[in-house]
$ cat protein16.tsv   # TSV, C-alpha atoms
chain	number	residue	atom	x	y	z
A	1	MET	CA	3.77	-30.17	-10.98
A	2	ARG	CA	7.30	-28.88	-11.54
A	3	LEU	CA	8.60	-26.66	-8.76
A	4	ARG	CA	10.79	-23.67	-9.53
A	5	LEU	CA	14.14	-23.81	-7.78
A	6	THR	CA	14.96	-20.14	-8.37
A	7	PRO	CA	13.11	-17.22	-6.83
A	8	ARG	CA	10.63	-15.37	-9.01
A	9	GLU	CA	9.99	-12.49	-6.63
A	10	ASP	CA	9.24	-9.88	-9.28
A	11	SER	CA	6.12	-11.66	-10.46
A	12	TYR	CA	4.57	-11.56	-6.99
A	13	TYR	CA	5.21	-7.85	-6.59
A	14	GLU	CA	3.82	-7.14	-10.04
A	15	LEU	CA	0.70	-9.17	-9.38
A	16	PHE	CA	0.08	-7.51	-6.00
A	17	ALA	CA	0.54	-4.11	-7.65
A	18	ALA	CA	-1.89	-5.02	-10.43
A	19	SER	CA	-4.46	-6.21	-7.88
A	20	ALA	CA	-4.14	-2.97	-5.88
A	21	ASN	CA	-4.32	-0.77	-8.98
A	22	ASN	CA	-7.49	-2.59	-9.96
A	23	LEU	CA	-8.97	-1.52	-6.60
A	24	VAL	CA	-8.24	2.12	-7.47
A	25	THR	CA	-10.19	1.70	-10.71
A	26	ALA	CA	-13.06	0.02	-8.84
A	27	SER	CA	-13.26	2.69	-6.14
A	28	ARG	CA	-13.41	5.42	-8.79
A	29	LEU	CA	-16.19	3.54	-10.54
A	30	LEU	CA	-18.06	3.49	-7.22
A	31	VAL	CA	-17.73	7.27	-7.02
A	32	GLU	CA	-19.41	7.52	-10.42
A	33	ILE	CA	-22.05	4.89	-9.65
A	34	ILE	CA	-23.34	6.81	-6.63
A	35	SER	CA	-23.30	10.12	-8.52
A	36	VAL	CA	-26.49	11.56	-9.98
A	37	GLY	CA	-26.96	11.60	-13.74
A	38	THR	CA	-24.48	8.88	-14.72
A	39	ASP	CA	-25.09	5.80	-16.86
A	40	ARG	CA	-25.28	3.57	-13.84
A	41	ASP	CA	-25.92	0.31	-15.71
A	42	ALA	CA	-22.82	0.78	-17.88
A	43	LEU	CA	-20.72	1.63	-14.83
A	44	ILE	CA	-21.95	-1.45	-12.94
A	45	THR	CA	-20.97	-3.56	-15.96
A	46	LYS	CA	-17.49	-2.02	-15.80
A	47	MET	CA	-17.36	-2.84	-12.09
A	48	ALA	CA	-18.18	-6.49	-12.85
A	49	ALA	CA	-15.27	-6.49	-15.32
A	50	CYS	CA	-13.03	-5.12	-12.55
A	51	GLU	CA	-14.16	-7.91	-10.25
A	52	HIS	CA	-13.31	-10.45	-12.96
A	53	ALA	CA	-9.87	-8.86	-13.41
A	54	GLY	CA	-9.35	-9.00	-9.64
A	55	ASP	CA	-10.16	-12.71	-9.64
A	56	GLU	CA	-7.63	-13.23	-12.42
A	57	HIS	CA	-4.90	-11.47	-10.42
A	58	THR	CA	-5.73	-13.55	-7.34
A	59	HIS	CA	-5.73	-16.81	-9.28
A	60	ALA	CA	-2.38	-15.88	-10.87
A	61	ILE	CA	-0.86	-15.32	-7.43
A	62	MET	CA	-2.21	-18.65	-6.18
A	63	ARG	CA	-0.90	-20.47	-9.26
A	64	ARG	CA	2.52	-18.89	-8.81
A	65	LEU	CA	2.45	-19.88	-5.14
A	66	ASN	CA	1.78	-23.51	-6.09
A	67	GLU	CA	4.59	-23.49	-8.66
A	68	SER	CA	7.25	-21.68	-6.62
A	69	PHE	CA	9.74	-23.39	-4.38
A	70	ILE	CA	11.16	-20.08	-3.11
A	71	THR	CA	8.92	-17.10	-2.27
A	72	PRO	CA	9.82	-13.51	-1.32
A	73	PHE	CA	8.14	-13.91	2.07
A	74	ASP	CA	6.07	-16.50	3.95
A	75	ARG	CA	3.67	-18.46	1.77
A	76	GLU	CA	0.89	-17.98	4.33
A	77	ASP	CA	1.36	-14.21	4.17
A	78	ILE	CA	1.27	-14.22	0.36
A	79	TYR	CA	-1.98	-16.18	0.48
A	80	ARG	CA	-3.46	-13.89	3.12
A	81	LEU	CA	-2.50	-10.68	1.31
A	82	ALA	CA	-3.92	-11.94	-1.99
A	83	SER	CA	-7.14	-13.03	-0.28
A	84	ASN	CA	-7.52	-9.71	1.56
A	85	LEU	CA	-7.13	-7.75	-1.69
A	86	ASP	CA	-9.67	-10.02	-3.37
A	87	ASP	CA	-12.14	-9.47	-0.50
A	88	ILE	CA	-12.04	-5.69	-1.01
A	89	MET	CA	-12.88	-6.07	-4.68
A	90	ASP	CA	-15.73	-8.46	-3.90
A	91	TYR	CA	-17.28	-6.08	-1.37
A	92	MET	CA	-17.11	-3.07	-3.70
A	93	ASP	CA	-18.57	-5.10	-6.55
A	94	ALA	CA	-21.39	-6.35	-4.31
A	95	ALA	CA	-22.25	-2.80	-3.23
A	96	ALA	CA	-22.40	-1.63	-6.85
A	97	ASP	CA	-24.46	-4.64	-7.90
A	98	LEU	CA	-26.96	-4.12	-5.07
A	99	ILE	CA	-27.41	-0.46	-6.00
A	100	GLY	CA	-28.32	-1.59	-9.51
A	101	LEU	CA	-30.49	-4.56	-8.51
A	102	TYR	CA	-32.45	-2.54	-5.96
A	103	GLN	CA	-32.63	0.47	-8.31
A	104	ILE	CA	-31.64	2.84	-5.54
A	105	GLU	CA	-31.83	6.27	-7.14
A	106	HIS	CA	-30.76	8.50	-4.27
A	107	LEU	CA	-28.35	7.54	-1.52
A	108	PRO	CA	-27.69	9.55	1.66
A	109	LYS	CA	-24.77	11.99	1.37
A	110	GLU	CA	-22.90	9.98	3.99
A	111	VAL	CA	-22.57	7.16	1.44
A	112	VAL	CA	-20.52	9.58	-0.67
A	113	ARG	CA	-18.19	9.99	2.31
A	114	GLN	CA	-18.00	6.20	2.72
A	115	VAL	CA	-16.92	5.81	-0.90
A	116	GLU	CA	-14.44	8.70	-0.63
A	117	VAL	CA	-12.75	6.83	2.23
A	118	LEU	CA	-12.54	3.70	0.07
A	119	GLU	CA	-11.10	5.68	-2.83
A	120	ARG	CA	-8.38	7.15	-0.62
A	121	ALA	CA	-7.63	3.78	0.96
A	122	SER	CA	-7.28	2.20	-2.48
A	123	GLU	CA	-4.86	4.92	-3.61
A	124	LEU	CA	-2.71	4.47	-0.49
A	125	THR	CA	-2.73	0.70	-0.90
A	126	ALA	CA	-1.64	0.94	-4.55
A	127	GLU	CA	1.12	3.39	-3.59
A	128	ALA	CA	2.35	1.00	-0.87
A	129	MET	CA	2.67	-2.10	-3.05
A	130	PRO	CA	5.98	-1.17	-4.76
A	131	ARG	CA	7.51	-0.69	-1.30
A	132	LEU	CA	6.96	-4.37	-0.49
A	133	ARG	CA	10.26	-5.10	-2.26
A	134	SER	CA	12.28	-3.17	0.31
A	135	MET	CA	9.80	-3.29	3.22
A	136	LYS	CA	10.74	0.34	3.91
A	137	ASN	CA	8.67	3.50	4.37
A	138	LEU	CA	5.47	1.57	5.07
A	139	ASN	CA	4.69	2.84	8.59
A	140	GLU	CA	2.76	5.88	7.43
A	141	TYR	CA	0.72	3.71	5.08
A	142	TRP	CA	-0.72	1.36	7.68
A	143	ILE	CA	-1.17	4.16	10.24
A	144	GLU	CA	-3.20	6.18	7.71
A	145	ILE	CA	-5.25	3.15	6.65
A	146	ASN	CA	-6.11	2.49	10.29
A	147	ARG	CA	-7.18	6.12	10.66
A	148	LEU	CA	-9.34	5.88	7.55
A	149	GLU	CA	-10.95	2.69	8.81
A	150	ASN	CA	-11.84	4.45	12.08
A	151	GLN	CA	-13.33	7.28	10.03
A	152	ALA	CA	-15.31	4.75	7.97
A	153	ASP	CA	-16.69	3.25	11.21
A	154	GLN	CA	-17.90	6.67	12.35
A	155	ILE	CA	-19.58	7.34	9.00
A	156	TYR	CA	-21.20	3.90	9.09
A	157	ARG	CA	-22.64	4.47	12.57
A	158	ARG	CA	-24.07	7.83	11.51
A	159	LEU	CA	-25.59	6.19	8.44
A	160	LEU	CA	-27.25	3.55	10.59
A	161	ALA	CA	-28.68	6.24	12.86
A	162	LYS	CA	-30.03	8.08	9.81
A	163	LEU	CA	-31.51	4.95	8.23
A	164	PHE	CA	-33.34	4.03	11.41
A	165	GLY	CA	-34.34	7.61	12.24
A	166	GLY	CA	-37.76	7.41	10.56
A	167	GLU	CA	-36.90	9.28	7.36
A	168	PHE	CA	-37.07	6.15	5.19
A	169	ASP	CA	-39.65	3.42	4.79
A	170	ALA	CA	-38.78	-0.06	6.02
A	171	LEU	CA	-38.06	-1.55	2.57
A	172	THR	CA	-35.72	1.31	1.64
A	173	VAL	CA	-33.90	0.88	4.95
A	174	LEU	CA	-33.30	-2.80	4.24
A	175	LYS	CA	-32.01	-2.09	0.73
A	176	MET	CA	-29.71	0.75	1.75
A	177	LYS	CA	-28.38	-1.12	4.77
A	178	GLU	CA	-27.21	-3.97	2.53
A	179	VAL	CA	-25.27	-1.47	0.41
A	180	ILE	CA	-23.64	0.36	3.30
A	181	ASP	CA	-22.78	-2.95	5.00
A	182	GLN	CA	-20.79	-3.98	1.91
A	183	LEU	CA	-18.99	-0.62	1.85
A	184	GLU	CA	-18.17	-0.95	5.56
A	185	MET	CA	-16.78	-4.44	5.01
A	186	ALA	CA	-14.61	-3.07	2.19
A	187	ALA	CA	-13.17	-0.49	4.60
A	188	ASP	CA	-12.49	-3.26	7.13
A	189	ALA	CA	-10.79	-5.33	4.43
A	190	PHE	CA	-8.45	-2.44	3.56
A	191	GLU	CA	-7.37	-2.48	7.20
A	192	HIS	CA	-6.83	-6.25	6.98
A	193	VAL	CA	-4.49	-5.64	4.02
A	194	ALA	CA	-2.59	-3.00	6.00
A	195	ASN	CA	-2.34	-5.27	9.04
A	196	THR	CA	-1.05	-8.11	6.87
A	197	ILE	CA	1.60	-5.86	5.32
A	198	GLU	CA	2.60	-4.61	8.78
A	199	SER	CA	2.96	-8.23	9.95
A	200	ILE	CA	5.10	-9.10	6.88
A	201	SER	CA	7.25	-6.02	7.43
A	202	LEU	CA	7.91	-6.94	11.06
A	203	LYS	CA	8.88	-10.48	10.10
A	204	GLU	CA	11.12	-9.43	7.23
A	205	GLY	CA	12.55	-6.25	8.74

$ encode --input "protein16.tsv" --output "structure tokens"
Amino acid sequence: MRLRLTPREDSYYELFAASANNLVTASRLLVEIISVGTDRDALITKMAACEHAGDEHTHAIMRRLNESFITPFDREDIYRLASNLDDIMDYMDAAADLIGLYQIEHLPKEVVRQVEVLERASELTAEAMPRLRSMKNLNEYWIEINRLENQADQIYRRLLAKLFGGEFDALTVLKMKEVIDQLEMAADAFEHVANTIESISLKEG
């Protein structure tokens, strides 16, 4: 394989931005999927298309990494950031798919709050990506993502308490818990992205 001897930094930034913007689309689809009266099957199909697009962005980054001799920052960090972004998409897609497979009609209102946290985290992540070029003005981003992840943890614990509080039958509890577990892992993965970007910023700053 021929290695590039000149830096192609722009392509990495563009691909990371595309991956993050895809997460915004996915999180907004989740908002619709958990809403009452929507065409859930059609929305879940759109989410699967988002997941496919996310895979394409990740594969493009990995291909560029294999072809590039010079990279804008450490190769390991590029790999980790791409993988973290891909994880978020996978978790959101899994949550949507489970809602459809299990035919869960009504979800607790706390799930709406879970998804709202993911939507906000995706917006902040997409807004942060262009700033990777300069590595400036990123502090507020990772601080806010950490705050949102703490909020997501609190919502998750309250959801668990509600699920096991006797209101739902055992089968429903099992189904809903799988969904909220995926949403919680998505929130954790947003924090992993923020932590990776903070680590890159400290190295490059």

$ closest_residue --input "protein16.tsv" --among "A:Ile104, A:Leu81, A:Ile88, A:Ala161" --to "Ser199 (chain A)" --atoms "only C-alpha atoms"
A:Leu81

$ closest_residue --input "protein16.tsv" --among "A:Ala94, A:Ala17, A:Ile78, A:Ala53" --to "Val179 (chain A)" --atoms "all atoms listed in the file"
A:Ala94

$ closest_residue --input "protein16.tsv" --among "A:Tyr156, A:Trp142, A:Tyr91, A:Phe164" --to "Leu23 (chain A)" --atoms "all atoms listed in the file"
A:Tyr91

$ closest_residue --input "protein16.tsv" --among "A:Ser27, A:Leu15, A:Asp97, A:Leu43" --to "Met62 (chain A)" --atoms "all atoms listed in the file"
A:Leu15

$ atom_distance --input "protein16.tsv" --atom1 "CA of Asp153 (chain A)" --atom2 "CA of Asp188 (chain A)"
8.8 Å

$ closest_residue --input "protein16.tsv" --among "A:Ala96, A:Glu32, A:Ala187, A:Pro108" --to "Glu51 (chain A)" --atoms "all atoms listed in the file"
A:Ala96

$ atom_distance --input "protein16.tsv" --atom1 "CA of Tyr79 (chain A)" --atom2 "CA of Val31 (chain A)"
29.2 Å

$ closest_residue --input "protein16.tsv" --among "A:Gln151, A:Ser83, A:Asn137, A:Gln103" --to "Arg120 (chain A)" --atoms "all atoms listed in the file"
A:Gln151

$ residues_near_point --input "protein16.tsv" --point "(-2.2, 3.8, -12.2)" --cutoff "10 Å" --atoms "all atoms listed in the file" --output "list in words"
Ala17, Ala18, Ala20, Asn21, Asn22, Val24, Thr25, Glu123, Ala126 and Glu127 of chain A

$ atom_distance --input "protein16.tsv" --atom1 "CA of Leu138 (chain A)" --atom2 "CA of Ser201 (chain A)"
8.1 Å

$ residues_near_point --input "protein16.tsv" --point "(-24.0, 7.6, 10.5)" --cutoff "12 Å" --atoms "all atoms listed in the file" --output "list in words"
Pro108, Lys109, Glu110, Val111, Val112, Arg113, Gln114, Gln151, Ala152, Asp153, Gln154, Ile155, Tyr156, Arg157, Arg158, Leu159, Leu160, Ala161, Lys162, Leu163, Phe164, Gly165, Lys177, Ile180, Asp181 and Glu184 of chain A

$ residues_around --input "protein16.tsv" --residues "Arg40 (chain A)" --least-positions-apart "4" --cutoff "12 Å" --atoms "all atoms listed in the file" --output "list in words"
Leu29, Leu30, Val31, Glu32, Ile33, Ile34, Ser35, Val36, Ile44, Thr45, Lys46, Met47, Ala96, Asp97, Leu98, Ile99, Gly100, Leu101, Gln103, Ile104 and Glu105 of chain A

$ decode --input "protein16.tsv" --residues "region 37-131 of chain A" --atoms "C-alpha atoms" --output "CSV table (one decimal), in the first residue's frame"
chain,number,residue,atom,x,y,z
A,37,GLY,CA,-48.3,8.4,17.2
A,38,THR,CA,-45.2,8.2,14.9
A,39,ASP,CA,-44.5,5.7,12.2
A,40,ARG,CA,-42.1,3.8,14.4
A,41,ASP,CA,-41.1,1.2,11.8
A,42,ALA,CA,-40.2,3.8,9.2
A,43,LEU,CA,-38.1,5.7,11.8
A,44,ILE,CA,-36.3,2.5,12.9
A,45,THR,CA,-35.4,1.9,9.2
A,46,LYS,CA,-34.0,5.4,9.0
A,47,MET,CA,-32.0,4.7,12.2
A,48,ALA,CA,-30.5,1.6,10.6
A,49,ALA,CA,-29.5,3.8,7.6
A,50,CYS,CA,-27.8,6.2,10.0
A,51,GLU,CA,-25.9,3.3,11.6
A,52,HIS,CA,-24.8,2.2,8.1
A,53,ALA,CA,-23.6,5.7,7.4
A,54,GLY,CA,-21.8,5.8,10.7
A,55,ASP,CA,-19.9,2.6,9.8
A,56,GLU,CA,-19.0,4.2,6.4
A,57,HIS,CA,-17.5,7.2,8.2
A,58,THR,CA,-15.6,5.0,10.6
A,59,HIS,CA,-14.2,2.8,7.8
A,60,ALA,CA,-13.2,5.9,5.8
A,61,ILE,CA,-11.2,7.1,8.8
A,62,MET,CA,-9.5,3.8,9.3
A,63,ARG,CA,-8.6,3.6,5.6
A,64,ARG,CA,-7.2,7.0,5.7
A,65,LEU,CA,-5.2,6.1,8.8
A,66,ASN,CA,-3.7,3.1,7.0
A,67,GLU,CA,-2.8,5.2,3.9
A,68,SER,CA,-1.4,8.3,5.7
A,69,PHE,CA,2.2,8.7,6.7
A,70,ILE,CA,1.6,12.0,8.5
A,71,THR,CA,-1.5,12.5,10.7
A,72,PRO,CA,-2.8,15.6,12.5
A,73,PHE,CA,-2.4,14.0,15.9
A,74,ASP,CA,-1.5,10.6,17.3
A,75,ARG,CA,-2.7,7.6,15.3
A,76,GLU,CA,-3.9,5.9,18.5
A,77,ASP,CA,-6.0,8.9,19.4
A,78,ILE,CA,-7.5,9.0,15.8
A,79,TYR,CA,-8.4,5.4,16.1
A,80,ARG,CA,-9.9,5.8,19.6
A,81,LEU,CA,-11.9,8.9,18.7
A,82,ALA,CA,-13.3,7.1,15.6
A,83,SER,CA,-14.2,4.0,17.6
A,84,ASN,CA,-15.8,6.0,20.4
A,85,LEU,CA,-18.1,7.9,17.9
A,86,ASP,CA,-19.0,4.6,16.3
A,87,ASP,CA,-19.9,3.1,19.7
A,88,ILE,CA,-22.4,5.9,20.3
A,89,MET,CA,-24.1,5.2,17.0
A,90,ASP,CA,-24.2,1.4,17.7
A,91,TYR,CA,-25.8,1.9,21.1
A,92,MET,CA,-28.5,4.3,19.8
A,93,ASP,CA,-29.3,2.0,16.9
A,94,ALA,CA,-29.5,-1.0,19.3
A,95,ALA,CA,-32.0,0.9,21.5
A,96,ALA,CA,-34.2,1.8,18.6
A,97,ASP,CA,-34.0,-1.7,17.2
A,98,LEU,CA,-35.0,-3.3,20.5
A,99,ILE,CA,-38.0,-0.9,20.9
A,100,GLY,CA,-39.2,-2.2,17.5
A,101,LEU,CA,-38.4,-5.9,18.1
A,102,TYR,CA,-40.0,-5.9,21.5
A,103,GLN,CA,-42.9,-3.8,20.3
A,104,ILE,CA,-42.7,-1.6,23.3
A,105,GLU,CA,-45.7,0.8,22.9
A,106,HIS,CA,-45.3,3.0,26.0
A,107,LEU,CA,-42.0,3.9,27.7
A,108,PRO,CA,-41.6,5.6,31.0
A,109,LYS,CA,-41.3,9.4,30.8
A,110,GLU,CA,-37.8,9.1,32.2
A,111,VAL,CA,-36.7,7.5,28.9
A,112,VAL,CA,-37.7,10.8,27.2
A,113,ARG,CA,-35.2,12.5,29.5
A,114,GLN,CA,-32.6,10.0,28.7
A,115,VAL,CA,-33.0,10.6,25.0
A,116,GLU,CA,-33.0,14.4,25.5
A,117,VAL,CA,-29.6,14.1,27.2
A,118,LEU,CA,-28.3,12.1,24.2
A,119,GLU,CA,-29.7,14.7,21.8
A,120,ARG,CA,-28.0,17.5,23.6
A,121,ALA,CA,-24.7,15.6,23.9
A,122,SER,CA,-24.8,14.9,20.2
A,123,GLU,CA,-25.3,18.6,19.4
A,124,LEU,CA,-22.4,19.6,21.6
A,125,THR,CA,-20.1,16.9,20.1
A,126,ALA,CA,-21.0,18.0,16.5
A,127,GLU,CA,-20.3,21.7,17.5
A,128,ALA,CA,-16.9,20.7,19.0
A,129,MET,CA,-15.6,18.8,16.0
A,130,PRO,CA,-14.6,21.9,13.9
A,131,ARG,CA,-12.5,23.1,16.9
